[in-house]
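One structure is given below, encoded as structure tokens.
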Number of protein chains: 2
Amino acid sequence: MEPVKKVGSLPSIRRLPTYLRVLRQFEEAGRDIVSSNHIAAVLRLDPVQVRKDLAITGIIGKPKVGYFVPTLIKAIEEFLGWDNSCEAFLVGAGNLGSALLGYAGFKDHGLNIVAAFDADPAKVGTEIADKFVLPLEKLANLAKRMHITTGIITVPESTAQRIADMMVAAGITAIWNFSPVRIDVPESVVVQNEDLAGGLAVLCVKAAGIRKPGRN
Amino acid sequence: MEPVKKVGSLPSIRRLPTYLRVLRQFEEAGRDIVSSNHIAAVLRLDPVQVRKDLAITGIIGKPKVGYFVPTLIKAIEEFLGWDNSCEAFLVGAGNLGSALLGYAGFKDHGLNIVAAFDADPAKVGTEIADKFVLPLEKLANLAKRMHITTGIITVPESTAQRIADMMVAAGITAIWNFSPVRIDVPESVVVQNEDLAGGLAVLCVKAAGIRKPGRN
DNA sequence: ATCTAATTGATAATTCTTTATCGATATAAA
DNA sequence: TTTATATCGATAAAGAATTATCAATTAGAT
């Protein structure tokens, strides 16, 4: 019988890239064995949580030894689909869009932004981080021709839904949304919202708590 | 007796900015009364959850009516400390740093980035989005003189810890960390980590699940 | 060969978060 | 005035996630 698909909890999945980063550092340093205790110590996490998180990738460790680093790295990469690069289109070549276009680290996360699109004629035709900025009208055609199924939205909230609609129409099935609005898409399309404001809110509340602590 | 300090759950706090955004839209549109049902419908959330989230701000609604929009907005802003603007320093004037410097929306979140710092002499002296890029050496002095207590880290992981140390030495007590590494700070300093990679990981796993669904 | 110690992985308990239920209240209609 | 209804807010139930516990396993020491 085939192995049961382990989904794993969302928080676990979120932590996997962190593990991957430290594991790659270990590998670089020549370490080829690591225990959950060790990873946990580095990241200040609970060793049990580390084991549980890693388990969702299907990795199997050895008692008294730990995990073989290259195997573990591969397991995480495979689980995340980061072993074969995913090509994506980005729409919205503003500040944030440019930042993402210029971020070299995405290649470690299996992401390759191949082109940017923008409605502003002044931006169209330019290059940002060696990627062409193309007119919005070309998105649908190119996405289909190049079989691009991942889109990144970095436009203001006023146009986010329209861009999402265009992406869906172009056959894109996974959207990374950096606009602060909730976008509506068919069920067959997945959306991941990245909300900076939420993080800022948490920081502010924690900071206020430190400054005037209820109890200590 | 004084009111008990309601902390509220982290997920609730994260959702508050979203409420704030739609409430401001309602206000703009002239709506001055809103019910949890209405908010929930717009955001596709559970009405009970909306009420519970709003409750942490101390807001009190009226049965059969709902909430008074201006009051609710003020309650959220006050709870988040977004009613009086918080001034911050940003370190790392690269792609992402520039994006944050140029993001006009922070003023709606009570955040005002007043200056940027960078180790690169080529960047020092320039202006990004009307903010000066200053040499790192000036950070400590200026932070103390201007009573800046919030820092934003947008440097590569290799220098993140060093910058965090500098910030702490300069009296900064709240750090918004966009580098992918965990930074070590004294207990009296709060850190909010923004990990893009985690979000990308979630997107990838969800996308893989859609493409080859275990069951449907 | 046996014993010891370290580590995994499974199970259980706890804590946190979300969702459901229901009485209380206020508005508006009859 | 009474009744019907929409909504809040409190309490309870259910569901997730984290943390604790422990048997099984294995490398290395004795």
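To be explicit about the labels: the chains of the structure tokens are called A, B, and onward in the order shown, and within each one the residues are counted from 1, while ligands get numbers from 1 in the order they are shown.
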
When the cut-off is 8 Å and we count only C-alpha atoms (C1' of nucleotides), which residues of chain A are near chain C, given as a VMD selection string?
-> chain A and resid 35 61 to 66

If you take only C-alpha atoms and a cut-off of 8 Å, which residues of chain B touch chain A, and what are their nearest atom pairs and distances in Å to one decimal, in chain and number order, as a Markdown table?
```
| residue | atom | partner | partner_atom | distance |
| --- | --- | --- | --- | --- |
| B:Lys5 | CA | A:Gly214 | CA | 6.8 |
| B:Leu10 | CA | A:Val202 | CA | 6.9 |
| B:Ile13 | CA | A:Val202 | CA | 6.1 |
| B:Arg14 | CA | A:Gly198 | CA | 4.2 |
| B:Arg15 | CA | A:Gly198 | CA | 6.4 |
| B:Leu16 | CA | A:Gly198 | CA | 7.4 |
| B:Pro17 | CA | A:Ala197 | CA | 6.1 |
| B:Thr18 | CA | A:Pro180 | CA | 7.6 |
| B:Leu43 | CA | A:Arg182 | CA | 7.0 |
| B:Phe79 | CA | A:Val205 | CA | 7.5 |
| B:Leu80 | CA | A:Val205 | CA | 5.8 |
| B:Gly81 | CA | A:Cys204 | CA | 6.6 |
| B:Asn95 | CA | A:Ala99 | CA | 4.4 |
| B:Leu96 | CA | A:Ala99 | CA | 5.0 |
| B:Ser98 | CA | A:Asn95 | CA | 7.1 |
| B:Ala99 | CA | A:Asn95 | CA | 4.4 |
| B:Leu100 | CA | A:Leu96 | CA | 7.5 |
| B:Gly102 | CA | A:Asn95 | CA | 6.6 |
| B:Tyr103 | CA | A:Asn95 | CA | 7.3 |
| B:His109 | CA | A:Ala197 | CA | 7.3 |
| B:Thr173 | CA | A:Ala207 | CA | 7.4 |
| B:Ala174 | CA | A:Ala207 | CA | 6.0 |
| B:Ile175 | CA | A:Leu203 | CA | 7.8 |
| B:Trp176 | CA | A:Leu203 | CA | 7.1 |
| B:Pro180 | CA | A:Thr18 | CA | 7.6 |
| B:Val181 | CA | A:Thr18 | CA | 8.0 |
| B:Arg182 | CA | A:Leu43 | CA | 7.0 |
| B:Ser188 | CA | A:Ile210 | CA | 6.8 |
| B:Val189 | CA | A:Ile210 | CA | 7.8 |
| B:Val190 | CA | A:Ala207 | CA | 6.2 |
| B:Val191 | CA | A:Leu203 | CA | 7.0 |
| B:Gln192 | CA | A:Leu203 | CA | 5.5 |
| B:Asn193 | CA | A:Gly199 | CA | 7.8 |
| B:Glu194 | CA | A:Gly199 | CA | 6.9 |
| B:Leu196 | CA | A:Glu194 | CA | 7.8 |
| B:Ala197 | CA | A:Pro17 | CA | 6.1 |
| B:Gly198 | CA | A:Arg14 | CA | 4.2 |
| B:Gly199 | CA | A:Arg14 | CA | 6.5 |
| B:Leu200 | CA | A:Trp176 | CA | 7.5 |
| B:Ala201 | CA | A:Leu80 | CA | 6.1 |
| B:Val202 | CA | A:Ile13 | CA | 6.1 |
| B:Leu203 | CA | A:Gln192 | CA | 5.5 |
| B:Cys204 | CA | A:Leu80 | CA | 6.0 |
| B:Val205 | CA | A:Leu80 | CA | 5.8 |
| B:Lys206 | CA | A:Val190 | CA | 6.6 |
| B:Ala207 | CA | A:Ala174 | CA | 6.0 |
| B:Ala208 | CA | A:Gly81 | CA | 7.7 |
| B:Ile210 | CA | A:Ser188 | CA | 6.8 |
| B:Gly214 | CA | A:Lys5 | CA | 6.7 |
```

Out of stretch 20-174 of chain A, which residues get alpha helix (DSSP H) from DSSP, as a ChimeraX atom specification?
-> /A:20-28,36-43,47-55,69-80,95-102,139-146,157-169

Only C-alpha atoms, please: the residues just picked out, written as a PDB file, in the first residue's frame.
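New file out.pdb:
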```
ATOM      1  CA  LEU A  20      16.616  24.147   5.696  1.00  0.00           C
ATOM      2  CA  ARG A  21      18.746  27.224   6.171  1.00  0.00           C
ATOM      3  CA  VAL A  22      20.608  25.944   9.223  1.00  0.00           C
ATOM      4  CA  LEU A  23      20.990  22.519   7.670  1.00  0.00           C
ATOM      5  CA  ARG A  24      22.615  24.040   4.614  1.00  0.00           C
ATOM      6  CA  GLN A  25      24.978  25.867   6.920  1.00  0.00           C
ATOM      7  CA  PHE A  26      25.816  22.605   8.652  1.00  0.00           C
ATOM      8  CA  GLU A  27      26.429  20.959   5.322  1.00  0.00           C
ATOM      9  CA  GLU A  28      28.667  23.812   4.256  1.00  0.00           C
ATOM     10  CA  SER A  36      16.926  17.275  16.760  1.00  0.00           C
ATOM     11  CA  ASN A  37      18.487  18.494  19.978  1.00  0.00           C
ATOM     12  CA  HIS A  38      21.168  20.289  18.106  1.00  0.00           C
ATOM     13  CA  ILE A  39      18.807  21.979  15.662  1.00  0.00           C
ATOM     14  CA  ALA A  40      16.533  22.947  18.516  1.00  0.00           C
ATOM     15  CA  ALA A  41      19.394  24.496  20.455  1.00  0.00           C
ATOM     16  CA  VAL A  42      20.441  26.611  17.507  1.00  0.00           C
ATOM     17  CA  LEU A  43      16.922  27.855  16.824  1.00  0.00           C
ATOM     18  CA  PRO A  47      13.432  19.287  20.262  1.00  0.00           C
ATOM     19  CA  VAL A  48      10.140  17.428  20.161  1.00  0.00           C
ATOM     20  CA  GLN A  49       8.705  20.067  17.912  1.00  0.00           C
ATOM     21  CA  VAL A  50      11.693  19.838  15.626  1.00  0.00           C
ATOM     22  CA  ARG A  51      11.250  16.081  15.291  1.00  0.00           C
ATOM     23  CA  LYS A  52       7.534  16.460  14.643  1.00  0.00           C
ATOM     24  CA  ASP A  53       8.118  19.161  12.062  1.00  0.00           C
ATOM     25  CA  LEU A  54      10.744  17.126  10.261  1.00  0.00           C
ATOM     26  CA  ALA A  55       8.553  14.050  10.347  1.00  0.00           C
ATOM     27  CA  VAL A  69      22.161  16.117   6.862  1.00  0.00           C
ATOM     28  CA  PRO A  70      22.136  15.712   3.045  1.00  0.00           C
ATOM     29  CA  THR A  71      19.196  13.323   3.228  1.00  0.00           C
ATOM     30  CA  LEU A  72      17.314  15.666   5.504  1.00  0.00           C
ATOM     31  CA  ILE A  73      17.946  18.630   3.238  1.00  0.00           C
ATOM     32  CA  LYS A  74      16.701  16.675   0.274  1.00  0.00           C
ATOM     33  CA  ALA A  75      13.618  15.533   2.164  1.00  0.00           C
ATOM     34  CA  ILE A  76      12.645  19.087   3.045  1.00  0.00           C
ATOM     35  CA  GLU A  77      13.344  20.374  -0.442  1.00  0.00           C
ATOM     36  CA  GLU A  78      11.257  17.623  -1.958  1.00  0.00           C
ATOM     37  CA  PHE A  79       8.409  18.145   0.461  1.00  0.00           C
ATOM     38  CA  LEU A  80       8.322  21.852  -0.356  1.00  0.00           C
ATOM     39  CA  ASN A  95       9.051  49.354  -4.639  1.00  0.00           C
ATOM     40  CA  LEU A  96       8.179  45.991  -3.242  1.00  0.00           C
ATOM     41  CA  GLY A  97       8.034  44.315  -6.624  1.00  0.00           C
ATOM     42  CA  SER A  98      11.527  45.549  -7.415  1.00  0.00           C
ATOM     43  CA  ALA A  99      12.749  44.276  -4.076  1.00  0.00           C
ATOM     44  CA  LEU A 100      11.425  40.810  -4.793  1.00  0.00           C
ATOM     45  CA  LEU A 101      12.803  40.880  -8.329  1.00  0.00           C
ATOM     46  CA  GLY A 102      16.205  41.730  -6.919  1.00  0.00           C
ATOM     47  CA  LEU A 139       0.617  38.388 -19.350  1.00  0.00           C
ATOM     48  CA  ALA A 140      -2.075  35.953 -20.413  1.00  0.00           C
ATOM     49  CA  ASN A 141      -0.426  34.969 -23.645  1.00  0.00           C
ATOM     50  CA  LEU A 142       3.040  34.537 -22.183  1.00  0.00           C
ATOM     51  CA  ALA A 143       1.837  32.654 -19.123  1.00  0.00           C
ATOM     52  CA  LYS A 144       0.158  30.120 -21.348  1.00  0.00           C
ATOM     53  CA  ARG A 145       3.051  29.820 -23.755  1.00  0.00           C
ATOM     54  CA  MET A 146       5.616  29.439 -20.990  1.00  0.00           C
ATOM     55  CA  GLU A 157      -4.904  47.233  -3.134  1.00  0.00           C
ATOM     56  CA  SER A 158      -7.078  49.090  -5.608  1.00  0.00           C
ATOM     57  CA  THR A 159      -5.953  46.902  -8.508  1.00  0.00           C
ATOM     58  CA  ALA A 160      -5.140  43.652  -6.727  1.00  0.00           C
ATOM     59  CA  GLN A 161      -8.426  41.936  -7.510  1.00  0.00           C
ATOM     60  CA  ARG A 162      -8.234  42.880 -11.167  1.00  0.00           C
ATOM     61  CA  ILE A 163      -4.717  41.483 -11.422  1.00  0.00           C
ATOM     62  CA  ALA A 164      -5.786  38.312  -9.667  1.00  0.00           C
ATOM     63  CA  ASP A 165      -8.590  37.889 -12.169  1.00  0.00           C
ATOM     64  CA  MET A 166      -6.144  38.330 -15.023  1.00  0.00           C
ATOM     65  CA  MET A 167      -3.834  35.757 -13.511  1.00  0.00           C
ATOM     66  CA  VAL A 168      -6.610  33.232 -13.070  1.00  0.00           C
ATOM     67  CA  ALA A 169      -7.726  33.795 -16.643  1.00  0.00           C
TER      68      ALA A 169
END
```

For chain D, report every residue with an atom at most 12 Å from chain A (counting only C-alpha atoms (C1' of nucleotides)), formatted as a PyMOL selection string.
-> chain D and resi 16-21+24-28

Write out chain B, as a compact mmCIF listing (two decimals) with C-alpha atoms, in the first residue's frame, after superposing it onto chain A by least squares using every C-alpha atom paired in order.
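Saved as superposed-v2.txt:
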```txt
# COMPACT_ATOMS: atom_id res chain seq x y z
CA MET B 1 -0.22 -0.16 0.21
CA GLU B 2 0.97 3.34 -0.57
CA PRO B 3 2.22 5.69 2.11
CA VAL B 4 -0.36 7.95 3.62
CA LYS B 5 -0.13 11.57 2.50
CA LYS B 6 1.11 13.52 5.49
CA VAL B 7 -0.09 17.07 5.25
CA GLY B 8 1.39 18.51 8.39
CA SER B 9 0.25 21.59 10.23
CA LEU B 10 0.64 25.02 8.75
CA PRO B 11 2.96 26.20 11.53
CA SER B 12 5.18 23.20 10.90
CA ILE B 13 5.38 23.96 7.19
CA ARG B 14 6.25 27.56 7.99
CA ARG B 15 9.20 26.44 10.06
CA LEU B 16 10.69 24.13 7.45
CA PRO B 17 12.60 26.84 5.56
CA THR B 18 14.33 27.80 8.78
CA TYR B 19 15.49 24.24 9.28
CA LEU B 20 16.63 24.14 5.69
CA ARG B 21 18.74 27.22 6.18
CA VAL B 22 20.61 25.93 9.22
CA LEU B 23 21.00 22.52 7.67
CA ARG B 24 22.63 24.03 4.63
CA GLN B 25 24.98 25.87 6.95
CA PHE B 26 25.83 22.61 8.67
CA GLU B 27 26.46 20.97 5.33
CA GLU B 28 28.68 23.83 4.27
CA ALA B 29 30.61 23.43 7.50
CA GLY B 30 31.16 19.77 6.77
CA ARG B 31 28.75 18.41 9.36
CA ASP B 32 26.86 15.46 8.00
CA ILE B 33 25.01 14.27 11.06
CA VAL B 34 22.69 16.34 13.20
CA SER B 35 20.25 15.62 16.00
CA SER B 36 16.94 17.26 16.73
CA ASN B 37 18.47 18.48 19.96
CA HIS B 38 21.17 20.31 18.10
CA ILE B 39 18.80 21.97 15.65
CA ALA B 40 16.51 22.92 18.51
CA ALA B 41 19.35 24.49 20.45
CA VAL B 42 20.41 26.63 17.51
CA LEU B 43 16.89 27.83 16.81
CA ARG B 44 15.71 27.94 20.41
CA LEU B 45 12.91 25.51 19.75
CA ASP B 46 11.63 22.40 21.48
CA PRO B 47 13.43 19.26 20.25
CA VAL B 48 10.14 17.38 20.15
CA GLN B 49 8.69 20.03 17.92
CA VAL B 50 11.69 19.83 15.62
CA ARG B 51 11.27 16.06 15.28
CA LYS B 52 7.56 16.42 14.61
CA ASP B 53 8.12 19.14 12.04
CA LEU B 54 10.76 17.11 10.23
CA ALA B 55 8.57 14.03 10.32
CA ILE B 56 6.06 15.57 7.90
CA THR B 57 8.71 15.39 5.20
CA GLY B 58 8.91 11.63 5.64
CA ILE B 59 12.48 11.72 6.91
CA ILE B 60 13.58 8.88 9.16
CA GLY B 61 16.35 9.38 11.67
CA LYS B 62 18.51 6.94 13.51
CA PRO B 63 18.20 6.51 17.27
CA LYS B 64 21.28 7.57 19.19
CA VAL B 65 22.63 9.25 16.04
CA GLY B 66 20.27 11.74 14.52
CA TYR B 67 19.66 12.65 10.92
CA PHE B 68 21.96 12.50 7.93
CA VAL B 69 22.20 16.12 6.84
CA PRO B 70 22.17 15.72 3.03
CA THR B 71 19.23 13.33 3.21
CA LEU B 72 17.34 15.66 5.48
CA ILE B 73 17.97 18.63 3.22
CA LYS B 74 16.73 16.68 0.25
CA ALA B 75 13.64 15.53 2.15
CA ILE B 76 12.66 19.09 3.03
CA GLU B 77 13.36 20.38 -0.45
CA GLU B 78 11.28 17.63 -1.98
CA PHE B 79 8.43 18.14 0.44
CA LEU B 80 8.34 21.85 -0.36
CA GLY B 81 8.84 21.24 -4.07
CA TRP B 82 11.97 23.34 -3.90
CA ASP B 83 14.08 20.72 -5.63
CA ASN B 84 12.90 21.71 -9.07
CA SER B 85 12.67 25.43 -9.62
CA CYS B 86 9.27 27.02 -10.00
CA GLU B 87 8.97 29.84 -12.49
CA ALA B 88 6.77 32.78 -11.64
CA PHE B 89 5.48 36.04 -13.02
CA LEU B 90 5.37 39.15 -10.89
CA VAL B 91 2.86 41.93 -11.41
CA GLY B 92 3.53 45.37 -9.98
CA ALA B 93 7.03 46.70 -10.55
CA GLY B 94 6.92 49.22 -7.74
CA ASN B 95 9.06 49.36 -4.65
CA LEU B 96 8.19 45.98 -3.24
CA GLY B 97 8.03 44.32 -6.64
CA SER B 98 11.53 45.55 -7.41
CA ALA B 99 12.76 44.28 -4.09
CA LEU B 100 11.43 40.80 -4.78
CA LEU B 101 12.81 40.87 -8.32
CA GLY B 102 16.21 41.72 -6.92
CA TYR B 103 16.25 39.20 -4.12
CA ALA B 104 18.84 36.62 -5.00
CA GLY B 105 17.83 34.28 -2.20
CA PHE B 106 14.77 32.96 -3.99
CA LYS B 107 16.90 30.55 -5.95
CA ASP B 108 17.47 28.74 -2.66
CA HIS B 109 13.73 28.46 -2.35
CA GLY B 110 13.08 27.02 -5.73
CA LEU B 111 11.57 30.22 -7.03
CA ASN B 112 12.58 31.94 -10.23
CA ILE B 113 10.80 35.14 -11.15
CA VAL B 114 11.16 35.22 -14.91
CA ALA B 115 9.42 38.45 -15.78
CA ALA B 116 7.59 41.42 -14.35
CA PHE B 117 4.49 43.17 -15.59
CA ASP B 118 3.20 46.65 -14.99
CA ALA B 119 0.41 48.89 -16.17
CA ASP B 120 2.63 51.97 -16.13
CA PRO B 121 3.99 52.65 -19.65
CA ALA B 122 6.96 54.41 -18.11
CA LYS B 123 8.07 51.19 -16.47
CA VAL B 124 7.34 48.90 -19.38
CA GLY B 125 10.45 48.24 -21.41
CA THR B 126 12.84 48.80 -18.54
CA GLU B 127 14.77 46.09 -16.76
CA ILE B 128 14.79 45.46 -13.05
CA ALA B 129 17.43 43.10 -11.75
CA ASP B 130 17.92 41.78 -15.27
CA LYS B 131 14.26 40.98 -15.66
CA PHE B 132 12.12 42.63 -18.31
CA VAL B 133 9.12 44.69 -17.33
CA LEU B 134 6.39 43.86 -19.81
CA PRO B 135 2.98 45.35 -20.47
CA LEU B 136 0.08 43.77 -18.64
CA GLU B 137 -1.60 42.82 -21.90
CA LYS B 138 1.09 40.27 -22.60
CA LEU B 139 0.61 38.40 -19.36
CA ALA B 140 -2.08 35.96 -20.43
CA ASN B 141 -0.42 34.98 -23.64
CA LEU B 142 3.03 34.54 -22.18
CA ALA B 143 1.83 32.66 -19.15
CA LYS B 144 0.14 30.12 -21.35
CA ARG B 145 3.02 29.82 -23.76
CA MET B 146 5.59 29.45 -21.00
CA HIS B 147 3.35 27.33 -18.77
CA ILE B 148 3.76 29.68 -15.85
CA THR B 149 1.42 28.73 -13.03
CA THR B 150 2.64 30.95 -10.20
CA GLY B 151 1.95 34.65 -9.86
CA ILE B 152 3.15 37.27 -7.42
CA ILE B 153 1.01 40.32 -6.77
CA THR B 154 2.77 43.48 -5.64
CA VAL B 155 0.29 46.09 -6.79
CA PRO B 156 -1.68 48.54 -4.64
CA GLU B 157 -4.88 47.25 -3.14
CA SER B 158 -7.06 49.09 -5.61
CA THR B 159 -5.94 46.92 -8.50
CA ALA B 160 -5.12 43.68 -6.73
CA GLN B 161 -8.41 41.96 -7.52
CA ARG B 162 -8.23 42.91 -11.18
CA ILE B 163 -4.70 41.49 -11.44
CA ALA B 164 -5.77 38.33 -9.67
CA ASP B 165 -8.59 37.92 -12.19
CA MET B 166 -6.14 38.34 -15.02
CA MET B 167 -3.82 35.76 -13.52
CA VAL B 168 -6.61 33.25 -13.08
CA ALA B 169 -7.72 33.81 -16.66
CA ALA B 170 -4.14 33.24 -17.74
CA GLY B 171 -4.11 29.83 -16.11
CA ILE B 172 -2.18 30.72 -12.99
CA THR B 173 -3.07 28.41 -10.10
CA ALA B 174 -0.93 29.72 -7.26
CA ILE B 175 -0.82 33.34 -6.17
CA TRP B 176 1.50 34.97 -3.66
CA ASN B 177 -0.36 38.09 -2.67
CA PHE B 178 1.52 41.00 -1.11
CA SER B 179 -1.38 43.41 -1.38
CA PRO B 180 -3.28 43.94 1.85
CA VAL B 181 -6.64 42.92 0.41
CA ARG B 182 -8.24 39.54 0.32
CA ILE B 183 -8.56 38.49 -3.29
CA ASP B 184 -11.33 36.27 -4.58
CA VAL B 185 -10.34 33.35 -6.75
CA PRO B 186 -11.88 30.04 -7.79
CA GLU B 187 -11.41 27.10 -5.45
CA SER B 188 -8.88 25.55 -7.77
CA VAL B 189 -6.48 28.46 -7.19
CA VAL B 190 -4.45 28.78 -4.02
CA VAL B 191 -3.58 32.13 -2.50
CA GLN B 192 -0.99 32.92 0.11
CA ASN B 193 -1.41 36.35 1.65
CA GLU B 194 1.63 38.07 3.05
CA ASP B 195 0.47 40.75 5.43
CA LEU B 196 3.17 42.99 6.73
CA ALA B 197 0.67 44.99 8.73
CA GLY B 198 -0.16 41.93 10.82
CA GLY B 199 3.45 41.50 11.78
CA LEU B 200 3.76 45.15 12.63
CA ALA B 201 0.67 44.93 14.81
CA VAL B 202 2.16 42.06 16.77
CA LEU B 203 5.38 43.98 17.24
CA CYS B 204 3.53 47.04 18.49
CA VAL B 205 1.46 45.11 21.00
CA LYS B 206 4.47 43.20 22.28
CA ALA B 207 6.43 46.42 22.58
CA ALA B 208 3.63 48.11 24.49
CA GLY B 209 3.50 45.11 26.82
CA ILE B 210 7.22 45.43 27.57
CA ARG B 211 7.04 49.14 28.19
CA LYS B 212 4.18 48.90 30.65
CA PRO B 213 4.05 45.33 31.84
CA GLY B 214 0.80 44.23 33.48
CA ARG B 215 2.75 41.97 35.76
CA ASN B 216 6.27 40.72 35.94
```

Which residues in stretch 83-204 of chain A does DSSP call strand (DSSP E or B)? List them as a PyMOL selection string.
-> chain A and resi 86-91+111-118+127-128+131-135+150-153+174-177+190-193
